[in-house]
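For reference, the structure is listed below as structure tokens.
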Number of protein chains: 4
Amino acid sequence: MLLMEASLKTLDRAAAWKSYESVRRFTEELCEGLIPEDFVVQSMTDASPTKWHLAHTSWFYETFLLRELLADYQPLKPLYTFLFNSYYNAVGKMHERPKRGLLSRPSVDEVFQYRRHVDQAMRRLIQDASEDVLEKMTPVLLLGLNHEQQHQELILTDIKHVLAQNPLKPVFSTAPQTGRSEPPPADWIHYPGGVVDIGNDGEGFIFDNEGPRSRQFLEPFALSRTLVTCGDYLKFMEDGGYSRPEFWLSDGWALVQAEKWEAPLYWERSEDGWSAFTLHGMRPVDPGEPVCHVSYYEADAYAAWAGASLPTEAQWESAASAVPVEGNFVESRRYHPAPLAETLAAEHAPGRPLQMFGDVWEWTRSAYLPYHGYKPPAGAIGEYNGKFMSGQMTLRGGSCATSRSHIRLTYRNFFRPHHRWQFMGFRLVQDQ
Amino acid sequence: MLLMEASLKTLDRAAAWKSYESVRRFTEELCEGLIPEDFVVQSMTDASPTKWHLAHTSWFYETFLLRELLADYQPLKPLYTFLFNSYYNAVGKMHERPKRGLLSRPSVDEVFQYRRHVDQAMRRLIQDASEDVLEKMTPVLLLGLNHEQQHQELILTDIKHVLAQNPLKPVFSTAPQTGRSEPPPADWIHYPGGVVDIGNDGEGFIFDNEGPRSRQFLEPFALSRTLVTCGDYLKFMEDGGYSRPEFWLSDGWALVQAEKWEAPLYWERSEDGWSAFTLHGMRPVDPGEPVCHVSYYEADAYAAWAGASLPTEAQWESAASAVPVEGNFVESRRYHPAPLAETLAAEHAPGRPLQMFGDVWEWTRSAYLPYHGYKPPAGAIGEYNGKFMSGQMTLRGGSCATSRSHIRLTYRNFFRPHHRWQFMGFRLVQDQ
Amino acid sequence: MLLMEASLKTLDRAAAWKSYESVRRFTEELCEGLIPEDFVVQSMTDASPTKWHLAHTSWFYETFLLRELLADYQPLKPLYTFLFNSYYNAVGKMHERPKRGLLSRPSVDEVFQYRRHVDQAMRRLIQDASEDVLEKMTPVLLLGLNHEQQHQELILTDIKHVLAQNPLKPVFSTAPQTGRSEPPPADWIHYPGGVVDIGNDGEGFIFDNEGPRSRQFLEPFALSRTLVTCGDYLKFMEDGGYSRPEFWLSDGWALVQAEKWEAPLYWERSEDGWSAFTLHGMRPVDPGEPVCHVSYYEADAYAAWAGASLPTEAQWESAASAVPVEGNFVESRRYHPAPLAETLAAEHAPGRPLQMFGDVWEWTRSAYLPYHGYKPPAGAIGEYNGKFMSGQMTLRGGSCATSRSHIRLTYRNFFRPHHRWQFMGFRLVQDQ
Amino acid sequence: MLLMEASLKTLDRAAAWKSYESVRRFTEELCEGLIPEDFVVQSMTDASPTKWHLAHTSWFYETFLLRELLADYQPLKPLYTFLFNSYYNAVGKMHERPKRGLLSRPSVDEVFQYRRHVDQAMRRLIQDASEDVLEKMTPVLLLGLNHEQQHQELILTDIKHVLAQNPLKPVFSTAPQTGRSEPPPADWIHYPGGVVDIGNDGEGFIFDNEGPRSRQFLEPFALSRTLVTCGDYLKFMEDGGYSRPEFWLSDGWALVQAEKWEAPLYWERSEDGWSAFTLHGMRPVDPGEPVCHVSYYEADAYAAWAGASLPTEAQWESAASAVPVEGNFVESRRYHPAPLAETLAAEHAPGRPLQMFGDVWEWTRSAYLPYHGYKPPAGAIGEYNGKFMSGQMTLRGGSCATSRSHIRLTYRNFFRPHHRWQFMGFRLVQDQ
């Protein structure tokens, strides 16, 4: 996708529309296997109905571009302003998040009509805007497209959660059954540390939370070449990982006991061993795949058991800076992390860490906090990232549900330490 | 519907099938205005998705008739046994009630296929059963049909609750706008009391909780000829009804404060006065209509304010025994209580209480408890009524969402005292 | 205690003071074994700290007598009006019930000073009141004394609950260890029913909820001569009582599962069988004692298991009308139900039901609802009983923690069906 | 206190005992104004009863020294091991934290007996230990003393919370009423940044979480010379601070709305303006005092309003390294932060930040996370700090409830971002 890679100055109308159309179309392609009933359900407060994602991403352009810059724009339904506002207090009141699953209307068809309505207006805006307006809209349009890409990922993770609650275990997309693969031997890559530049001042599009670029000092460290695999993780489980408090953060241990956790999310014990619910239905756990759907607490407990740590954001970013941004992204339509064996075979960067991008978001041991000198932008857009800098941990590298054009070296994702429903995994670090 | 009125002995196959088909068809007719998305939502734990009602009523015949009596019966999907069991522990485990809204599958189409599957098997069973089997199945079939009629009412009250949560205020069925009507003057009808027979030993179909018939002594009392109207209730509200604890039961007052109740469910204050959400959308409150969607607590508080009481079950039944079972039932497709003026015009029983049947279920001041000598039937069917005889109050007379063929003088409905989402109203009594 | 038995007309000042002094002294005697720390703890919202009971009972006289009738009365501390109001909205705001255990002050000493302050004023009031005032105060004084007697019982049951939470299992009062006794054989007493008078129009003191006296019709029934014993109850437990849903009310079964109940409150399983916490510390369960600390749900489940029912209030009262009001009350200082063998030996009424009064409150299957014609008194005093007529079941007969002078044939106690911390047991009935 | 400053090698028995005795005595001195009832109450789950603190600090020596090193040690009561374990899973099960306030026993006297019992054994251990044992016990003894000092602070903050719940507003200690003081003008001190050493490798006693010492790079920054005062904070409040979401972290704003916060903890609005509950009772808010009892969310919102930030731990430590560790500590018996004017008058370090140590713990914008290379110690002691490194923010510098001998430049305190009941305040930083 050219737009994402372009510097903001070189944007032209054709490229803008092409990018817009392409992002919008991909969102809808992801929903192709769903029936109307699937679009409605909200399986937990953290997740949203598919229908809501489709509407909210449209609301974003409507609110921050069409209402601001397209003089004669007529909203389709005034109440949508309220219904599809996620969390922008500066825009006005909003429908309560936990109640998104109570709305059977607008219908799926009406939501697609809303998308068409916004698309047509966006087409007019992009075609007809004066140069001044075009310049003004460009950063917001880029933000809107990246925003929609984030919701594409959420559409997948949220519908996975919905389907997993269903004892019928519905299949989202069919895929060839993969065999059992073997994880490669552990391997550590050493880094000397020193003063490094972290963050991004943004020649192309970046989120505000990726900057400002500033210096950090790193002590020497060694990073695991590979992600922790299901095979590795099963050893932790077999060694009593979920029943020995000595490995766990206090909050994590409380949760393990309260929720009776004994495996990653979506794993189920059967007579033949562990299976896991995937977007292709229930499948036996493959020991050679990266472990996925683990919380920060589980990742941290595993690291304690293994005598290691999770990397800091700065360690991860410093190591990843030498790795090309390639891997198993959503474009592969695999919707699941790939086995290490396969990755090894198609190695992107010999001698460097594997699967740093794509497959699974990697938990770091860094809290999601502002970089030195960070200030959120003025206005409602300032609520995008900054106000969530509390109570969350940072993840890096994108997953099998992330668009290739969406991810960057400096990209900071963030979730609460108990969250597991994203494609989340981890690798280890040894502080030297 | 002949079947319901027939004594069990005279049942013939044709009548059985005709009744079955008619009840089944009516359930589906009620869903005609809905889109697939509407069938999915569970707006609160007390309510169920439409889809679930459609499936559960089929499950009932499958579980208690087809699996028992139709030798070669093949269930459509084994998991439906689990998914659509409501609360019959003796049948096995069940999907948790609060999670009914998490199931996007089976789809609405698949649920209708399930209905067809059960219907075809039921047709075979009714046609081919030996006389012995026919005799055995008759009471269960009658129970199943009455069960489905109960769920027809719940389909209406539950979808009303779903639609009411939606700021778009969708319309379930269109209806001519009614004007403002005037309530008639209050009028009391006096009853001498004495030893009366209460309950029903069932020549035709009855629920087990309606019997055994036994004697009760009633002191003299006077019953209000009319239901309490919205106009009456507005006077209570204007006199500080919702802010004066002296009228309220302690539990009710706690709820009023916790939930900030200040009017019946579905009422909203606007600049022009009070409106209410109905199955025809938002409408101004009509003072001449029976007040509806009030809890027992509100009914009791109103009675205290008015210096009266709610009737006991025995008072109600004794008074109603002289009133024909006629009124505004679901067959009218009005889906809303009728104004008193209209009822007066078409008076069923001159000099007798009005609107005793249909319109709104009437709260009594009797707890839902077993009659003298009551024993629940053996087996899973015994869980139908008996195990709920705790924490609930009894309501009488049916509502505008009840089938005419479903209601009887001795019919006992029961809900918790805080419930409001059924078509619930009340009338007053004066103990002499 | 003469006062309680006297008709209100014959009250004289000396008797009034003697009764007052005697009730007040007994409250304090019950606290003699406690250390200051014991007076502070509130172990659950349903219970109150001892300190609070001591103060609230004083507040009652202060609020309803001294402030009303003693012209120059000076409250000790104005804030006590707020702190020690239990639930009288008409008196004003009150300290929230669940926060009673957060108050370390006033100290126990200060609470006793408050009692002295009120006592001295009460002495003045009783001595100096004009005849008019005396007549006016008499029913309120009687109510206050009965109120304090109710709190005496709560002091015992609440401190029992406090001490039971403590792994140190402190002893409230020492008592000789009793041996294992044998329950007598089951025995049913038959009653013919008919129109009976129930309730009390009160020649002596009664609570408002005991009247008006009115007629009820009873069908024939048989009442168990004895209370259900621990030995009986153990058979129910051994037959899977707590794991078989078929015996349970739906609400009860939900509670059994949520709370993991498997025995009466205070019972603990040890290697030597079941023990129970009593006010004398932990003791082996005696099979010949009435079972105690069971909820309505457990009593009802036991009855279902035994093929019987709990009596209605009217059945109980009708049967008890032939039994003298004698038994094991708080004056025995046993603070625990007595074995049946002992009661048999000292049989109060040959051929009649045993232990109808004292020992344990007996659950009935009657909800706590108003009698025909009941109206609560005007004013704050009207909040005493009437507003609780929702969600509760009635118990009869008093317990080993009740004063002999406090109980009557028509006395109606009431608790929620899940409550267990009172001395609660039950007997069975067979509807004929 | 010599011990704390000594290197571990030079410890001698006399100094050890003197330190032990002194810490133990000070704990008890803090309780001198309390009545037995005060020792019992647990006002929230985060806080513990005074009695529990007195016992738990003794349990610590008993568990980690006496049971390990004193051969013939006899515990006073075996159950105390269970009752007074705070959170050490490796030691065994423990009494649930939220239930600490349910224990009226052991009595306050028995708890003091327990302290005497431990003290006598500790005296024997210190006097009689072999040199080997002495060496082994030294770090644990130092940890135990520092542990008890932490609980001294908690005794003050927890009893403040208990007394504040009480409408009687009891006074913990009397103090002369202070007047209204004026805050000094704002002033920023500039720091050049660069590679700095952060943390402590511990020549004297340190907590494990203070190390290992490692390098960090700081960009240039400016630190406020003074703490934010009540006067400053009132301006934020008057500018709509608590009603404008744009200043708040999302979690913070949700809390402000849910809890209806509109001022710091313990502040109450009266006709004459704001007052605050202090350990000396209710007092008018002094604008010249550091603001106290604010959460991280409030500190962060104030910083956003002021166009600044909270310092990072590294910024704070780097700036504080030039400031002597002097200030208003618990030894002053003021139990409240001092006005800035007073501090200015007794300025410890001209031209340097004021009140860096003592008065109030200062919120930083750093999450409480391990330093590079941190590993918790082996065994139960390893649970002391490491397992809490999740969900908490770091605070620095000690407060008016901290012992002078307890605090250090590198000391890291940590609380959840919503916590307010410690003496918590903040100062601002400007990233350059």
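FYI, nothing fancy with the structure tokens labels: chains A, B, ... in order, residues from 1 per chain, ligands from 1 as they appear.
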Quiz item: Running DSSP on the backbone, which parts of stretch 137-362 of chain A land in strand (DSSP E), as a PyMOL selection string?
Solution: chain A and resi 188-191+194-198+214-218+221-224+267-270+273-278+281-284+361-362
Exercise. Please provide as a VMD selection string all residues within 10 Å of B:Trp261, with the sequence filter that same-chain residues fewer than 6 positions apart are discarded (counting only C-alpha atoms).
Key: chain B and resid 242 to 243 253 255 298
Keeping only N, CA and C atoms, write the selected residues to a file as a short mmCIF file (atom, residue, chain, number, x, y, z; two decimals), in the first residue's frame.
data_model
loop_
_atom_site.label_atom_id
_atom_site.label_comp_id
_atom_site.auth_asym_id
_atom_site.auth_seq_id
_atom_site.Cartn_x
_atom_site.Cartn_y
_atom_site.Cartn_z
N TYR B 242 -42.44 8.26 44.24
CA TYR B 242 -41.12 7.62 44.15
C TYR B 242 -40.08 8.25 45.09
N SER B 243 -40.49 9.24 45.89
CA SER B 243 -39.51 9.85 46.79
C SER B 243 -39.96 9.83 48.24
N TRP B 253 -37.96 0.10 48.40
CA TRP B 253 -37.35 1.42 48.57
C TRP B 253 -35.85 1.36 48.26
N LEU B 255 -34.47 -0.58 46.18
CA LEU B 255 -34.35 -0.69 44.73
C LEU B 255 -34.61 0.65 44.04
N GLU B 298 -43.84 -1.42 43.21
CA GLU B 298 -44.55 -0.21 42.83
C GLU B 298 -46.06 -0.37 43.03
#
Quiz item: Near B:Tyr61, within 12 Å and counting only C-alpha atoms, which residues show up once chain neighbours fewer than 2 positions away are dropped, as JSON, numbers by chain?
Solution: {"B": [20, 24, 54, 55, 56, 57, 58, 59, 63, 64, 65, 66, 67, 68, 69, 70, 73, 75, 81, 84, 85, 114, 115, 117, 118, 119, 120, 121, 122, 123, 125, 126, 137, 138, 139, 140, 141, 142, 143, 144, 145, 146, 147, 148, 381]}
Exercise. Identify, on the basis of only C-alpha atoms, every residue whose closest approach to B:Leu218 does not exceed 10 Å; exclude the query and any residue fewer than 5 positions from it along the same chain; express the result as a list in words.
Key: Tyr191, Pro192, Gly193, Gly194, Val195, Val196, Thr312, Ala314, Gln315, Ser318 and Asp431 of chain B; Ser214, Arg215, Gln216, Phe217 and His372 of chain C
Would you mind exporting C-alpha atoms of the selected residues as a PDB file, in the first residue's frame?
ATOM      1  CA  TYR B 191     -67.842  -9.788  48.240  1.00  0.00           C
ATOM      2  CA  PRO B 192     -69.127 -11.504  51.367  1.00  0.00           C
ATOM      3  CA  GLY B 193     -66.307 -14.045  51.732  1.00  0.00           C
ATOM      4  CA  GLY B 194     -66.843 -17.352  53.507  1.00  0.00           C
ATOM      5  CA  VAL B 195     -65.427 -20.777  52.686  1.00  0.00           C
ATOM      6  CA  VAL B 196     -64.557 -20.919  48.994  1.00  0.00           C
ATOM      7  CA  THR B 312     -54.787 -12.088  47.568  1.00  0.00           C
ATOM      8  CA  ALA B 314     -57.975 -16.300  46.715  1.00  0.00           C
ATOM      9  CA  GLN B 315     -59.775 -12.943  46.673  1.00  0.00           C
ATOM     10  CA  SER B 318     -63.148 -15.871  44.013  1.00  0.00           C
ATOM     11  CA  ASP B 431     -60.305  -5.626  53.306  1.00  0.00           C
TER      12      ASP B 431
ATOM     13  CA  SER C 214     -59.125 -13.471  61.416  1.00  0.00           C
ATOM     14  CA  ARG C 215     -60.511 -16.749  60.223  1.00  0.00           C
ATOM     15  CA  GLN C 216     -58.726 -19.268  58.059  1.00  0.00           C
ATOM     16  CA  PHE C 217     -59.838 -22.628  56.743  1.00  0.00           C
ATOM     17  CA  HIS C 372     -56.410  -9.716  56.324  1.00  0.00           C
TER      18      HIS C 372
END
Per residue of chain D within 10 Å of chain C, what are the shortest atom pair and its distance in Å to one decimal, counting only C-alpha atoms, with rows by chain and residue number, as a Markdown table?
| residue | atom | partner | partner_atom | distance |
| --- | --- | --- | --- | --- |
| D:Leu34 | CA | C:Ser104 | CA | 9.9 |
| D:Ile35 | CA | C:Ser107 | CA | 7.7 |
| D:Pro36 | CA | C:Glu37 | CA | 6.2 |
| D:Glu37 | CA | C:Ser104 | CA | 5.1 |
| D:Asp38 | CA | C:Ser104 | CA | 5.0 |
| D:Phe39 | CA | C:Glu37 | CA | 7.9 |
| D:Val40 | CA | C:Glu37 | CA | 6.4 |
| D:Val41 | CA | C:Leu102 | CA | 5.9 |
| D:Gln42 | CA | C:Leu102 | CA | 7.0 |
| D:Ser43 | CA | C:Leu102 | CA | 5.7 |
| D:Met44 | CA | C:Leu102 | CA | 9.0 |
| D:Lys77 | CA | C:Leu168 | CA | 9.7 |
| D:Leu79 | CA | C:Leu168 | CA | 7.3 |
| D:Tyr80 | CA | C:Leu168 | CA | 9.1 |
| D:Phe82 | CA | C:Pro167 | CA | 9.1 |
| D:Leu83 | CA | C:Pro167 | CA | 8.1 |
| D:His95 | CA | C:Pro167 | CA | 8.7 |
| D:Lys99 | CA | C:Gln165 | CA | 8.8 |
| D:Arg100 | CA | C:Asn166 | CA | 9.7 |
| D:Gly101 | CA | C:Val41 | CA | 7.1 |
| D:Leu102 | CA | C:Ser43 | CA | 5.7 |
| D:Leu103 | CA | C:Asn166 | CA | 5.8 |
| D:Ser104 | CA | C:Asp38 | CA | 5.0 |
| D:Arg105 | CA | C:Glu37 | CA | 7.3 |
| D:Pro106 | CA | C:Leu168 | CA | 8.1 |
| D:Ser107 | CA | C:Glu37 | CA | 6.5 |
| D:Val108 | CA | C:Glu37 | CA | 7.7 |
| D:His161 | CA | C:Leu102 | CA | 10.0 |
| D:Val162 | CA | C:Leu102 | CA | 6.8 |
| D:Leu163 | CA | C:Ser104 | CA | 7.8 |
| D:Ala164 | CA | C:Leu103 | CA | 9.7 |
| D:Gln165 | CA | C:Leu102 | CA | 6.9 |
| D:Asn166 | CA | C:Leu103 | CA | 5.8 |
| D:Pro167 | CA | C:Leu79 | CA | 7.6 |
| D:Leu168 | CA | C:Leu79 | CA | 7.3 |
| D:Lys169 | CA | C:Arg105 | CA | 9.1 |
| D:Pro170 | CA | C:Arg105 | CA | 7.7 |
Exercise. Fewer than 2 positions away in the same chain doesn't count, so skip those; otherwise give me all residues within 8 Å of stretch 407-418 of chain D, counting only C-alpha atoms, as an MDAnalysis selection string.
Key: chainID D and resid 198:200 206:207 209:210 252 295:297 317 320:321 325 368 391:398 402:405 420
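The interatomic distance for the pair atom CA of D:Pro212 and atom CA of D:Tyr371 works out to 6.5 Å.
In terms of minimum interatomic distance to C:Thr27, C:Val330 ranks closest within C:Val228, C:Val330, C:Met389, C:Leu234, counting only C-alpha atoms.
For the pair atom CA of A:Phe426 and atom CA of A:Ala254, the separation is 21.5 Å.
Separating atom CA of B:Leu428 from atom CA of B:Leu310 is a distance of 4.9 Å.
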Exercise. Based on DSSP run over this structure's backbone, return all residues of stretch 134-303 of chain D in alpha helix (DSSP H), as a VMD selection string.
Key: chain D and resid 134 to 165 230 to 238 250 to 259 296 to 303
Quiz prompt | Neighbour list for stretch 353-360 of chain A as a PyMOL selection string, cut-off 7 Å, only C-alpha atoms, skip fewer than 2 positions in-chain | solution = chain A and resi 225-226+292+320+325-329+336-338+351+362+397-400+402+423-425
Practice problem: Name the residues in contact with A:Pro287 at a cut-off of 9 Å, using only C-alpha atoms, excluding same-chain residues fewer than 2 positions from it; report them as number ranges by chain. | Solution: A: 180-183, 229-234, 285, 289-291, 339
